[in-house]
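Structure data (mmCIF, C-alpha atoms) from work_20.cif:
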```cif
data_run
loop_
_atom_site.label_atom_id
_atom_site.label_comp_id
_atom_site.auth_asym_id
_atom_site.auth_seq_id
_atom_site.Cartn_x
_atom_site.Cartn_y
_atom_site.Cartn_z
CA MET A 1 0.00 0.00 0.00
CA LEU A 2 2.84 2.39 0.90
CA ALA A 3 4.62 1.58 -2.35
CA TYR A 4 1.43 2.36 -4.32
CA PHE A 5 1.01 5.68 -2.47
CA LEU A 6 4.61 6.70 -3.11
CA LYS A 7 4.23 5.80 -6.78
CA LYS A 8 1.11 7.99 -7.07
CA LEU A 9 2.82 10.84 -5.18
CA THR A 10 5.87 10.64 -7.44
CA LYS A 11 3.67 10.79 -10.54
CA GLY A 12 1.87 13.80 -9.09
CA LEU A 13 5.12 15.60 -8.34
CA ILE A 14 6.40 14.91 -11.84
CA ALA A 15 3.19 16.27 -13.32
CA THR A 16 3.39 19.35 -11.08
CA CYS A 17 6.99 19.99 -12.06
CA ALA A 18 6.07 19.65 -15.72
CA ILE A 19 3.27 22.20 -15.31
CA LEU A 20 5.56 24.61 -13.47
CA SER A 21 8.26 24.14 -16.08
CA PHE A 22 5.77 24.89 -18.85
CA SER A 23 4.53 27.96 -16.98
CA VAL A 24 8.02 29.37 -16.52
CA SER A 25 9.00 28.79 -20.13
CA ALA A 26 5.60 29.71 -21.62
CA PHE A 27 7.08 32.83 -23.22
CA THR A 28 10.20 32.41 -25.31
CA ALA A 29 12.68 34.63 -27.13
CA GLY A 30 12.12 34.68 -30.86
CA THR A 31 8.47 33.70 -30.51
CA ASP A 32 6.99 36.12 -27.98
CA TYR A 33 9.74 38.70 -27.76
CA ILE A 34 13.18 39.59 -29.05
CA ILE A 35 16.17 41.13 -27.34
CA LEU A 36 17.07 44.46 -28.90
CA ASP A 37 20.53 44.83 -30.42
CA LYS A 38 20.45 48.47 -29.31
CA PRO A 39 18.92 48.57 -25.81
CA ILE A 40 17.47 51.80 -24.46
CA PRO A 41 19.58 52.99 -21.51
CA ASP A 42 18.14 53.96 -18.13
CA ALA A 43 14.92 52.08 -18.86
CA ASN A 44 14.76 49.43 -16.14
CA GLY A 45 11.31 49.14 -14.68
CA THR A 46 9.56 50.63 -17.71
CA LEU A 47 7.09 49.60 -20.37
CA ILE A 48 7.89 51.79 -23.35
CA LYS A 49 5.31 52.17 -26.10
CA VAL A 50 6.48 53.54 -29.44
CA PHE A 51 3.46 55.04 -31.18
CA SER A 52 2.24 57.53 -33.78
CA TYR A 53 -0.84 59.72 -33.78
CA ASP A 54 -1.69 58.49 -37.30
CA CYS A 55 -1.39 54.77 -36.47
CA PRO A 56 -4.84 53.13 -36.20
CA PHE A 57 -3.48 50.19 -34.21
CA CYS A 58 -1.87 52.57 -31.70
CA TYR A 59 -5.28 54.16 -31.25
CA ARG A 60 -6.96 50.79 -30.69
CA TYR A 61 -4.33 49.68 -28.18
CA ASP A 62 -4.60 52.96 -26.28
CA LYS A 63 -8.37 52.64 -26.09
CA GLY A 64 -8.74 49.01 -25.07
CA VAL A 65 -5.42 47.35 -24.28
CA THR A 66 -2.78 49.61 -22.74
CA PRO A 67 -4.91 50.91 -19.82
CA VAL A 68 -6.11 47.42 -18.91
CA VAL A 69 -2.62 45.93 -19.11
CA MET A 70 -1.16 48.71 -16.99
CA GLN A 71 -3.73 48.03 -14.28
CA GLN A 72 -2.13 44.59 -13.95
CA VAL A 73 1.53 45.60 -14.16
CA SER A 74 1.70 49.13 -12.72
CA ASP A 75 3.35 47.81 -9.58
CA ILE A 76 6.37 46.54 -11.53
CA VAL A 77 6.72 48.83 -14.56
CA LYS A 78 6.15 52.50 -15.34
CA PHE A 79 4.47 53.38 -18.64
CA GLU A 80 6.60 55.58 -20.88
CA PRO A 81 5.45 56.67 -24.38
CA PHE A 82 7.86 57.36 -27.25
CA HIS A 83 6.27 59.24 -30.15
CA LEU A 84 7.56 58.35 -33.61
CA GLU A 85 8.23 61.62 -35.44
CA THR A 86 8.99 59.96 -38.79
CA LYS A 87 5.40 58.72 -39.24
CA GLY A 88 2.61 61.12 -40.14
CA LYS A 89 2.77 64.43 -41.97
CA TYR A 90 2.98 66.32 -38.69
CA GLY A 91 5.03 63.79 -36.77
CA VAL A 92 7.69 66.27 -35.65
CA ALA A 93 5.14 68.80 -34.39
CA ALA A 94 3.23 66.04 -32.57
CA SER A 95 6.40 64.85 -30.86
CA GLU A 96 7.22 68.36 -29.70
CA LEU A 97 3.74 68.92 -28.28
CA PHE A 98 3.58 65.49 -26.62
CA ALA A 99 7.01 66.00 -25.03
CA VAL A 100 5.90 69.37 -23.65
CA LEU A 101 2.69 67.95 -22.23
CA ILE A 102 4.36 64.94 -20.64
CA ASN A 103 6.72 67.36 -18.93
CA LYS A 104 3.77 69.45 -17.73
CA ASP A 105 2.04 66.35 -16.35
CA GLN A 106 5.18 65.35 -14.47
CA GLU A 107 5.49 68.82 -12.98
CA SER A 108 1.86 68.58 -11.82
CA GLY A 109 2.29 65.05 -10.47
CA ILE A 110 -0.38 63.66 -12.82
CA SER A 111 -0.01 60.20 -14.36
CA ILE A 112 -0.06 60.25 -18.15
CA LEU A 113 -2.60 57.42 -17.93
CA ASP A 114 -4.99 59.60 -15.93
CA ASP A 115 -7.96 61.20 -17.67
CA ASN A 116 -6.73 64.58 -16.38
CA SER A 117 -3.38 64.13 -18.11
CA LEU A 118 -2.66 66.88 -20.65
CA PHE A 119 -0.73 64.37 -22.73
CA LYS A 120 -3.66 61.96 -22.80
CA LYS A 121 -6.15 64.71 -23.68
CA ALA A 122 -4.06 65.90 -26.63
CA LYS A 123 -3.25 62.37 -27.79
CA PHE A 124 -6.91 61.37 -27.94
CA ALA A 125 -7.84 64.68 -29.56
CA TYR A 126 -5.50 63.75 -32.40
CA TYR A 127 -6.62 60.13 -32.51
CA THR A 128 -10.28 61.19 -32.72
CA ALA A 129 -9.66 63.91 -35.28
CA TYR A 130 -7.47 61.79 -37.55
CA HIS A 131 -9.09 58.37 -37.34
CA ASP A 132 -12.73 59.08 -36.53
CA LYS A 133 -13.31 62.47 -38.19
CA LYS A 134 -10.76 61.98 -41.00
CA GLU A 135 -9.17 65.36 -40.34
CA ARG A 136 -5.96 65.97 -42.31
CA TRP A 137 -5.20 69.60 -41.29
CA ASP A 138 -4.91 71.05 -44.78
CA GLY A 139 -4.29 74.42 -43.11
CA GLY A 140 -0.77 73.29 -42.22
CA GLU A 141 1.19 72.78 -39.02
CA ASP A 142 -0.48 75.64 -37.13
CA SER A 143 -3.84 74.04 -37.82
CA PHE A 144 -2.53 70.69 -36.61
CA LEU A 145 -1.10 72.14 -33.42
CA LYS A 146 -4.33 74.01 -32.71
CA THR A 147 -6.17 70.69 -32.28
CA GLY A 148 -3.85 69.59 -29.51
CA LEU A 149 -3.41 72.99 -27.90
CA ASP A 150 -7.16 73.61 -27.76
CA ALA A 151 -7.67 70.21 -26.12
CA VAL A 152 -5.43 71.23 -23.21
CA GLY A 153 -6.08 74.99 -23.11
CA MET A 154 -2.54 76.03 -24.01
CA SER A 155 -1.55 78.98 -26.18
CA LYS A 156 0.84 78.66 -29.12
CA ALA A 157 3.19 81.14 -27.41
CA ASP A 158 3.29 79.09 -24.20
CA PHE A 159 3.95 75.94 -26.23
CA GLU A 160 6.82 77.54 -28.14
CA GLN A 161 8.37 78.66 -24.86
CA ALA A 162 7.83 75.32 -23.11
CA LYS A 163 9.45 73.25 -25.86
CA LEU A 164 12.76 75.01 -25.18
CA ASP A 165 12.92 73.43 -21.73
CA PRO A 166 16.05 71.24 -21.46
CA GLU A 167 14.00 68.29 -20.16
CA VAL A 168 11.68 68.51 -23.17
CA GLN A 169 14.63 68.65 -25.54
CA ALA A 170 16.26 65.68 -23.81
CA ARG A 171 13.05 63.67 -24.18
CA LEU A 172 12.82 64.53 -27.88
CA LYS A 173 16.43 63.51 -28.41
CA ARG A 174 15.77 60.18 -26.68
CA TRP A 175 12.75 59.54 -28.88
CA GLN A 176 14.69 60.44 -32.02
CA GLU A 177 17.55 58.14 -31.08
CA TYR A 178 15.51 55.02 -30.31
CA ALA A 179 11.91 55.20 -31.56
CA TYR A 180 12.61 54.70 -35.28
CA ASP A 181 15.06 51.82 -34.74
CA ILE A 182 12.44 50.01 -32.68
CA ALA A 183 9.53 50.80 -34.99
CA LYS A 184 11.27 49.54 -38.11
CA ILE A 185 11.51 46.01 -36.64
CA GLN A 186 7.77 45.31 -36.71
CA GLY A 187 5.98 48.64 -36.97
CA VAL A 188 3.91 50.38 -34.30
CA PRO A 189 2.67 50.12 -31.68
CA ALA A 190 5.85 48.61 -30.30
CA PHE A 191 6.17 47.66 -26.64
CA VAL A 192 9.58 47.38 -24.96
CA VAL A 193 10.15 46.09 -21.42
CA ASN A 194 13.16 47.28 -19.41
CA GLY A 195 14.55 48.95 -22.51
CA LYS A 196 15.67 45.68 -24.11
CA TYR A 197 12.82 43.21 -24.63
CA LEU A 198 10.62 43.99 -27.63
CA ILE A 199 7.26 42.22 -27.44
CA LEU A 200 6.26 40.57 -30.71
CA THR A 201 2.72 41.88 -30.97
CA LYS A 202 1.70 39.19 -33.49
CA SER A 203 2.06 36.66 -30.65
CA ILE A 204 -0.22 38.50 -28.21
CA ARG A 205 -3.35 36.42 -27.62
CA SER A 206 -5.09 38.37 -24.87
CA VAL A 207 -4.69 41.28 -22.47
CA ASP A 208 -3.96 38.86 -19.63
CA SER A 209 -1.26 37.03 -21.58
CA MET A 210 0.36 40.34 -22.50
CA ALA A 211 0.40 41.32 -18.83
CA GLU A 212 1.95 37.99 -17.88
CA LEU A 213 4.62 38.38 -20.56
CA ILE A 214 5.47 41.88 -19.29
CA LYS A 215 5.78 40.51 -15.75
CA GLN A 216 8.13 37.76 -16.91
CA LEU A 217 10.32 40.13 -18.92
CA ALA A 218 10.41 42.74 -16.14
CA ASN A 219 11.89 40.12 -13.82
CA GLN A 220 14.44 38.62 -16.21
#
```

Please lay out the structure from this file as structure tokens.
Amino acid sequence: MLAYFLKKLTKGLIATCAILSFSVSAFTAGTDYIILDKPIPDANGTLIKVFSYDCPFCYRYDKGVTPVVMQQVSDIVKFEPFHLETKGKYGVAASELFAVLINKDQESGISILDDNSLFKKAKFAYYTAYHDKKERWDGGEDSFLKTGLDAVGMSKADFEQAKLDPEVQARLKRWQEYAYDIAKIQGVPAFVVNGKYLILTKSIRSVDSMAELIKQLANQ
């Protein structure tokens, strides 16, 4: 009887170990993520999203995926957006405005995921205008900027002054140095954990699985 019990226990332990082993190795390099050849420095503890205002998939992720994922991983990673200035007719102007507004949110102690975030208000003003209303700002860059500035109640003069801030310029330089290199691998949106693990979005099956992958990569 004892021998039978030990045999059953051993089988159970083997099965448990197999399940644990599968769980630990459920996400693999080359299938679910890749390691960047050019890691982003000073990015430990972050989930970086490279995006563009004129990317429909970025819009969809920001509406229904990113906020839900961040609710599950906010205790281990900080969300950090990188705007891609090379995509969209007004990509450079958008980057400048977004960098200014992120800086303003940080000064006010407001999360950029919060509905009161200036960055979020402007970002969704552009998403809505471009994707839902099919606005193309034929009036030029001033017309484009007006959409974002009106959404946050900022004057053009205040924006021009604010974008000279050294922190804003440093953020823009960081975006310029890394956003394009990341985006050209698989397009946008592109999610990077700890500055070195690029999630292969084609492998994402659900919000929960994406959150679990982020947790695994954040702890590697």

Worksheet item: Mind telling me what the PyMOL selection byres ((chain A and resi 81) around 7) catches here, as a PyMOL selection string?
Response: chain A and resi 48-50+79-80+82-83

Worksheet item: How many Å separate CA of Phe119 (chain A) from CA of Leu97 (chain A)?
Response: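 Answer for the CA of Phe119 (chain A) to CA of Leu97 (chain A) separation: 8.5 Å.
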
Worksheet entry | Result set of the PyMOL selection byres ((chain A and resi 46) around 9) on the coordinates above, as a list in words |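 This file gives the following for the PyMOL selection byres ((chain A and resi 46) around 9): Ala43, Asn44, Gly45, Leu47, Ile48, Ile76, Val77, Lys78, Phe79, Glu80, Val192, Val193, Asn194, Gly195 and Ala218 of chain A.
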
Item to complete: Write out as a PyMOL selection string which residues come within 12 Å of Ala179 (chain A) when counting all atoms listed in the file, dropping same-chain ones fewer than 5 positions away.
Response: chain A and resi 38-40+48-52+80-87+95+171-174+184-192+195+198

Output file for the selection above: C-alpha atoms, as a short mmCIF file (atom, residue, chain, number, x, y, z; two decimals), in the coordinates of the input:
```
data_model
loop_
_atom_site.label_atom_id
_atom_site.label_comp_id
_atom_site.auth_asym_id
_atom_site.auth_seq_id
_atom_site.Cartn_x
_atom_site.Cartn_y
_atom_site.Cartn_z
CA LYS A 38 20.45 48.47 -29.31
CA PRO A 39 18.92 48.57 -25.81
CA ILE A 40 17.47 51.80 -24.46
CA ILE A 48 7.89 51.79 -23.35
CA LYS A 49 5.31 52.17 -26.10
CA VAL A 50 6.48 53.54 -29.44
CA PHE A 51 3.46 55.04 -31.18
CA SER A 52 2.24 57.53 -33.78
CA GLU A 80 6.60 55.58 -20.88
CA PRO A 81 5.45 56.67 -24.38
CA PHE A 82 7.86 57.36 -27.25
CA HIS A 83 6.27 59.24 -30.15
CA LEU A 84 7.56 58.35 -33.61
CA GLU A 85 8.23 61.62 -35.44
CA THR A 86 8.99 59.96 -38.79
CA LYS A 87 5.40 58.72 -39.24
CA SER A 95 6.40 64.85 -30.86
CA ARG A 171 13.05 63.67 -24.18
CA LEU A 172 12.82 64.53 -27.88
CA LYS A 173 16.43 63.51 -28.41
CA ARG A 174 15.77 60.18 -26.68
CA LYS A 184 11.27 49.54 -38.11
CA ILE A 185 11.51 46.01 -36.64
CA GLN A 186 7.77 45.31 -36.71
CA GLY A 187 5.98 48.64 -36.97
CA VAL A 188 3.91 50.38 -34.30
CA PRO A 189 2.67 50.12 -31.68
CA ALA A 190 5.85 48.61 -30.30
CA PHE A 191 6.17 47.66 -26.64
CA VAL A 192 9.58 47.38 -24.96
CA GLY A 195 14.55 48.95 -22.51
CA LEU A 198 10.62 43.99 -27.63
#
```

Worksheet item: From the set A:Ser117, A:Ser111, A:Gln169, A:Ser74, which residue has the shortest atom-to-atom contact distance to Ala99 (chain A), counting only C-alpha atoms?
Response: A:Gln169

Worksheet item: Hey, can you check how far CA of Ile34 (chain A) sits from CA of Tyr197 (chain A)?
Response: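 CA of Ile34 (chain A) sits 5.7 Å away from CA of Tyr197 (chain A).
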
Discussion item. Report, in Å to a single decimal, how far apart CA of Gln161 (chain A) and CA of Lys120 (chain A) are.
Written reply: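 Rounded to one decimal, the two atoms are 20.7 Å apart.
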
Discussion item. I want to know what sits within 10 Å of region 101-105 of chain A, based on all atoms listed in the file, with residues of the same chain fewer than 5 positions away left out; could you give that as a ChimeraX atom specification?
Written reply: /A:80-81,95-96,110-112,114,116-123,148-149,152,154,159,162-163,165,167-168,171

Output file request: region 149-186 of chain A, with N, CA, C and O atoms, as a PDB file, in the first residue's frame.
```pdb
ATOM      1  N   LEU A 149      -3.480  71.880 -28.856  1.00  0.00           N
ATOM      2  CA  LEU A 149      -3.411  72.991 -27.901  1.00  0.00           C
ATOM      3  C   LEU A 149      -4.791  73.341 -27.350  1.00  0.00           C
ATOM      4  O   LEU A 149      -4.938  73.605 -26.153  1.00  0.00           O
ATOM      5  N   ASP A 150      -5.797  73.327 -28.221  1.00  0.00           N
ATOM      6  CA  ASP A 150      -7.160  73.614 -27.761  1.00  0.00           C
ATOM      7  C   ASP A 150      -7.645  72.546 -26.780  1.00  0.00           C
ATOM      8  O   ASP A 150      -8.384  72.847 -25.832  1.00  0.00           O
ATOM      9  N   ALA A 151      -7.227  71.312 -26.994  1.00  0.00           N
ATOM     10  CA  ALA A 151      -7.667  70.209 -26.124  1.00  0.00           C
ATOM     11  C   ALA A 151      -7.150  70.371 -24.698  1.00  0.00           C
ATOM     12  O   ALA A 151      -7.769  69.863 -23.751  1.00  0.00           O
ATOM     13  N   VAL A 152      -6.026  71.081 -24.545  1.00  0.00           N
ATOM     14  CA  VAL A 152      -5.432  71.230 -23.207  1.00  0.00           C
ATOM     15  C   VAL A 152      -5.451  72.677 -22.714  1.00  0.00           C
ATOM     16  O   VAL A 152      -4.963  72.967 -21.619  1.00  0.00           O
ATOM     17  N   GLY A 153      -5.989  73.593 -23.524  1.00  0.00           N
ATOM     18  CA  GLY A 153      -6.077  74.991 -23.107  1.00  0.00           C
ATOM     19  C   GLY A 153      -4.735  75.694 -23.036  1.00  0.00           C
ATOM     20  O   GLY A 153      -4.502  76.500 -22.124  1.00  0.00           O
ATOM     21  N   MET A 154      -3.864  75.408 -23.985  1.00  0.00           N
ATOM     22  CA  MET A 154      -2.537  76.034 -24.006  1.00  0.00           C
ATOM     23  C   MET A 154      -2.411  76.932 -25.224  1.00  0.00           C
ATOM     24  O   MET A 154      -2.887  76.597 -26.314  1.00  0.00           O
ATOM     25  N   SER A 155      -1.757  78.072 -25.063  1.00  0.00           N
ATOM     26  CA  SER A 155      -1.551  78.985 -26.181  1.00  0.00           C
ATOM     27  C   SER A 155      -0.344  78.553 -27.001  1.00  0.00           C
ATOM     28  O   SER A 155       0.543  77.849 -26.501  1.00  0.00           O
ATOM     29  N   LYS A 156      -0.303  78.978 -28.249  1.00  0.00           N
ATOM     30  CA  LYS A 156       0.836  78.662 -29.118  1.00  0.00           C
ATOM     31  C   LYS A 156       2.115  79.269 -28.535  1.00  0.00           C
ATOM     32  O   LYS A 156       3.181  78.644 -28.573  1.00  0.00           O
ATOM     33  N   ALA A 157       2.026  80.480 -27.985  1.00  0.00           N
ATOM     34  CA  ALA A 157       3.193  81.145 -27.405  1.00  0.00           C
ATOM     35  C   ALA A 157       3.740  80.357 -26.219  1.00  0.00           C
ATOM     36  O   ALA A 157       4.960  80.185 -26.078  1.00  0.00           O
ATOM     37  N   ASP A 158       2.845  79.872 -25.366  1.00  0.00           N
ATOM     38  CA  ASP A 158       3.286  79.085 -24.205  1.00  0.00           C
ATOM     39  C   ASP A 158       3.930  77.771 -24.652  1.00  0.00           C
ATOM     40  O   ASP A 158       4.905  77.309 -24.047  1.00  0.00           O
ATOM     41  N   PHE A 159       3.379  77.173 -25.691  1.00  0.00           N
ATOM     42  CA  PHE A 159       3.955  75.936 -26.231  1.00  0.00           C
ATOM     43  C   PHE A 159       5.358  76.186 -26.771  1.00  0.00           C
ATOM     44  O   PHE A 159       6.296  75.425 -26.484  1.00  0.00           O
ATOM     45  N   GLU A 160       5.517  77.239 -27.546  1.00  0.00           N
ATOM     46  CA  GLU A 160       6.821  77.545 -28.139  1.00  0.00           C
ATOM     47  C   GLU A 160       7.871  77.782 -27.052  1.00  0.00           C
ATOM     48  O   GLU A 160       9.028  77.381 -27.199  1.00  0.00           O
ATOM     49  N   GLN A 161       7.450  78.419 -25.967  1.00  0.00           N
ATOM     50  CA  GLN A 161       8.372  78.660 -24.859  1.00  0.00           C
ATOM     51  C   GLN A 161       8.685  77.364 -24.122  1.00  0.00           C
ATOM     52  O   GLN A 161       9.845  77.069 -23.802  1.00  0.00           O
ATOM     53  N   ALA A 162       7.659  76.556 -23.887  1.00  0.00           N
ATOM     54  CA  ALA A 162       7.826  75.325 -23.112  1.00  0.00           C
ATOM     55  C   ALA A 162       8.698  74.302 -23.829  1.00  0.00           C
ATOM     56  O   ALA A 162       9.408  73.527 -23.178  1.00  0.00           O
ATOM     57  N   LYS A 163       8.675  74.277 -25.149  1.00  0.00           N
ATOM     58  CA  LYS A 163       9.446  73.252 -25.855  1.00  0.00           C
ATOM     59  C   LYS A 163      10.950  73.524 -25.823  1.00  0.00           C
ATOM     60  O   LYS A 163      11.740  72.659 -26.184  1.00  0.00           O
ATOM     61  N   LEU A 164      11.336  74.697 -25.328  1.00  0.00           N
ATOM     62  CA  LEU A 164      12.760  75.012 -25.184  1.00  0.00           C
ATOM     63  C   LEU A 164      13.335  74.464 -23.882  1.00  0.00           C
ATOM     64  O   LEU A 164      14.556  74.474 -23.692  1.00  0.00           O
ATOM     65  N   ASP A 165      12.470  73.980 -23.012  1.00  0.00           N
ATOM     66  CA  ASP A 165      12.916  73.432 -21.726  1.00  0.00           C
ATOM     67  C   ASP A 165      13.913  72.296 -21.974  1.00  0.00           C
ATOM     68  O   ASP A 165      13.666  71.420 -22.813  1.00  0.00           O
ATOM     69  N   PRO A 166      15.043  72.288 -21.261  1.00  0.00           N
ATOM     70  CA  PRO A 166      16.048  71.236 -21.457  1.00  0.00           C
ATOM     71  C   PRO A 166      15.504  69.820 -21.286  1.00  0.00           C
ATOM     72  O   PRO A 166      15.931  68.905 -21.997  1.00  0.00           O
ATOM     73  N   GLU A 167      14.571  69.617 -20.363  1.00  0.00           N
ATOM     74  CA  GLU A 167      13.996  68.286 -20.163  1.00  0.00           C
ATOM     75  C   GLU A 167      13.169  67.856 -21.373  1.00  0.00           C
ATOM     76  O   GLU A 167      13.181  66.683 -21.763  1.00  0.00           O
ATOM     77  N   VAL A 168      12.455  68.802 -21.963  1.00  0.00           N
ATOM     78  CA  VAL A 168      11.675  68.512 -23.171  1.00  0.00           C
ATOM     79  C   VAL A 168      12.607  68.151 -24.317  1.00  0.00           C
ATOM     80  O   VAL A 168      12.379  67.182 -25.047  1.00  0.00           O
ATOM     81  N   GLN A 169      13.664  68.915 -24.472  1.00  0.00           N
ATOM     82  CA  GLN A 169      14.627  68.648 -25.539  1.00  0.00           C
ATOM     83  C   GLN A 169      15.334  67.313 -25.345  1.00  0.00           C
ATOM     84  O   GLN A 169      15.591  66.583 -26.310  1.00  0.00           O
ATOM     85  N   ALA A 170      15.620  66.972 -24.097  1.00  0.00           N
ATOM     86  CA  ALA A 170      16.256  65.682 -23.814  1.00  0.00           C
ATOM     87  C   ALA A 170      15.313  64.528 -24.150  1.00  0.00           C
ATOM     88  O   ALA A 170      15.744  63.496 -24.683  1.00  0.00           O
ATOM     89  N   ARG A 171      14.032  64.704 -23.864  1.00  0.00           N
ATOM     90  CA  ARG A 171      13.046  63.666 -24.175  1.00  0.00           C
ATOM     91  C   ARG A 171      12.943  63.481 -25.693  1.00  0.00           C
ATOM     92  O   ARG A 171      12.910  62.351 -26.199  1.00  0.00           O
ATOM     93  N   LEU A 172      12.892  64.596 -26.417  1.00  0.00           N
ATOM     94  CA  LEU A 172      12.815  64.529 -27.876  1.00  0.00           C
ATOM     95  C   LEU A 172      14.042  63.835 -28.463  1.00  0.00           C
ATOM     96  O   LEU A 172      13.927  63.015 -29.385  1.00  0.00           O
ATOM     97  N   LYS A 173      15.202  64.141 -27.929  1.00  0.00           N
ATOM     98  CA  LYS A 173      16.428  63.514 -28.408  1.00  0.00           C
ATOM     99  C   LYS A 173      16.398  62.000 -28.160  1.00  0.00           C
ATOM    100  O   LYS A 173      16.822  61.209 -29.009  1.00  0.00           O
ATOM    101  N   ARG A 174      15.877  61.603 -27.023  1.00  0.00           N
ATOM    102  CA  ARG A 174      15.772  60.178 -26.676  1.00  0.00           C
ATOM    103  C   ARG A 174      14.820  59.474 -27.648  1.00  0.00           C
ATOM    104  O   ARG A 174      15.111  58.375 -28.127  1.00  0.00           O
ATOM    105  N   TRP A 175      13.696  60.112 -27.924  1.00  0.00           N
ATOM    106  CA  TRP A 175      12.752  59.538 -28.880  1.00  0.00           C
ATOM    107  C   TRP A 175      13.382  59.402 -30.263  1.00  0.00           C
ATOM    108  O   TRP A 175      13.244  58.383 -30.927  1.00  0.00           O
ATOM    109  N   GLN A 176      14.070  60.446 -30.688  1.00  0.00           N
ATOM    110  CA  GLN A 176      14.694  60.438 -32.017  1.00  0.00           C
ATOM    111  C   GLN A 176      15.747  59.334 -32.127  1.00  0.00           C
ATOM    112  O   GLN A 176      15.895  58.713 -33.174  1.00  0.00           O
ATOM    113  N   GLU A 177      16.450  59.104 -31.053  1.00  0.00           N
ATOM    114  CA  GLU A 177      17.547  58.142 -31.081  1.00  0.00           C
ATOM    115  C   GLU A 177      17.064  56.695 -31.093  1.00  0.00           C
ATOM    116  O   GLU A 177      17.729  55.831 -31.688  1.00  0.00           O
ATOM    117  N   TYR A 178      15.905  56.421 -30.478  1.00  0.00           N
ATOM    118  CA  TYR A 178      15.507  55.018 -30.314  1.00  0.00           C
ATOM    119  C   TYR A 178      14.177  54.639 -30.970  1.00  0.00           C
ATOM    120  O   TYR A 178      14.002  53.465 -31.334  1.00  0.00           O
ATOM    121  N   ALA A 179      13.248  55.565 -31.100  1.00  0.00           N
ATOM    122  CA  ALA A 179      11.908  55.200 -31.563  1.00  0.00           C
ATOM    123  C   ALA A 179      11.915  54.589 -32.964  1.00  0.00           C
ATOM    124  O   ALA A 179      11.276  53.554 -33.206  1.00  0.00           O
ATOM    125  N   TYR A 180      12.627  55.197 -33.905  1.00  0.00           N
ATOM    126  CA  TYR A 180      12.613  54.698 -35.279  1.00  0.00           C
ATOM    127  C   TYR A 180      13.247  53.314 -35.373  1.00  0.00           C
ATOM    128  O   TYR A 180      12.721  52.421 -36.070  1.00  0.00           O
ATOM    129  N   ASP A 181      14.376  53.128 -34.693  1.00  0.00           N
ATOM    130  CA  ASP A 181      15.061  51.823 -34.742  1.00  0.00           C
ATOM    131  C   ASP A 181      14.169  50.709 -34.218  1.00  0.00           C
ATOM    132  O   ASP A 181      14.220  49.572 -34.715  1.00  0.00           O
ATOM    133  N   ILE A 182      13.365  51.013 -33.221  1.00  0.00           N
ATOM    134  CA  ILE A 182      12.443  50.012 -32.677  1.00  0.00           C
ATOM    135  C   ILE A 182      11.269  49.798 -33.630  1.00  0.00           C
ATOM    136  O   ILE A 182      10.887  48.668 -33.931  1.00  0.00           O
ATOM    137  N   ALA A 183      10.710  50.889 -34.131  1.00  0.00           N
ATOM    138  CA  ALA A 183       9.529  50.802 -34.991  1.00  0.00           C
ATOM    139  C   ALA A 183       9.797  50.046 -36.286  1.00  0.00           C
ATOM    140  O   ALA A 183       8.914  49.348 -36.794  1.00  0.00           O
ATOM    141  N   LYS A 184      10.999  50.169 -36.822  1.00  0.00           N
ATOM    142  CA  LYS A 184      11.270  49.537 -38.109  1.00  0.00           C
ATOM    143  C   LYS A 184      11.366  48.006 -38.020  1.00  0.00           C
ATOM    144  O   LYS A 184      11.333  47.320 -39.041  1.00  0.00           O
ATOM    145  N   ILE A 185      11.436  47.470 -36.811  1.00  0.00           N
ATOM    146  CA  ILE A 185      11.514  46.014 -36.639  1.00  0.00           C
ATOM    147  C   ILE A 185      10.181  45.353 -36.972  1.00  0.00           C
ATOM    148  O   ILE A 185      10.128  44.360 -37.684  1.00  0.00           O
ATOM    149  N   GLN A 186       9.078  45.917 -36.451  1.00  0.00           N
ATOM    150  CA  GLN A 186       7.766  45.306 -36.706  1.00  0.00           C
ATOM    151  C   GLN A 186       6.645  46.333 -36.789  1.00  0.00           C
ATOM    152  O   GLN A 186       5.462  45.985 -36.754  1.00  0.00           O
TER     153      GLN A 186
END
```
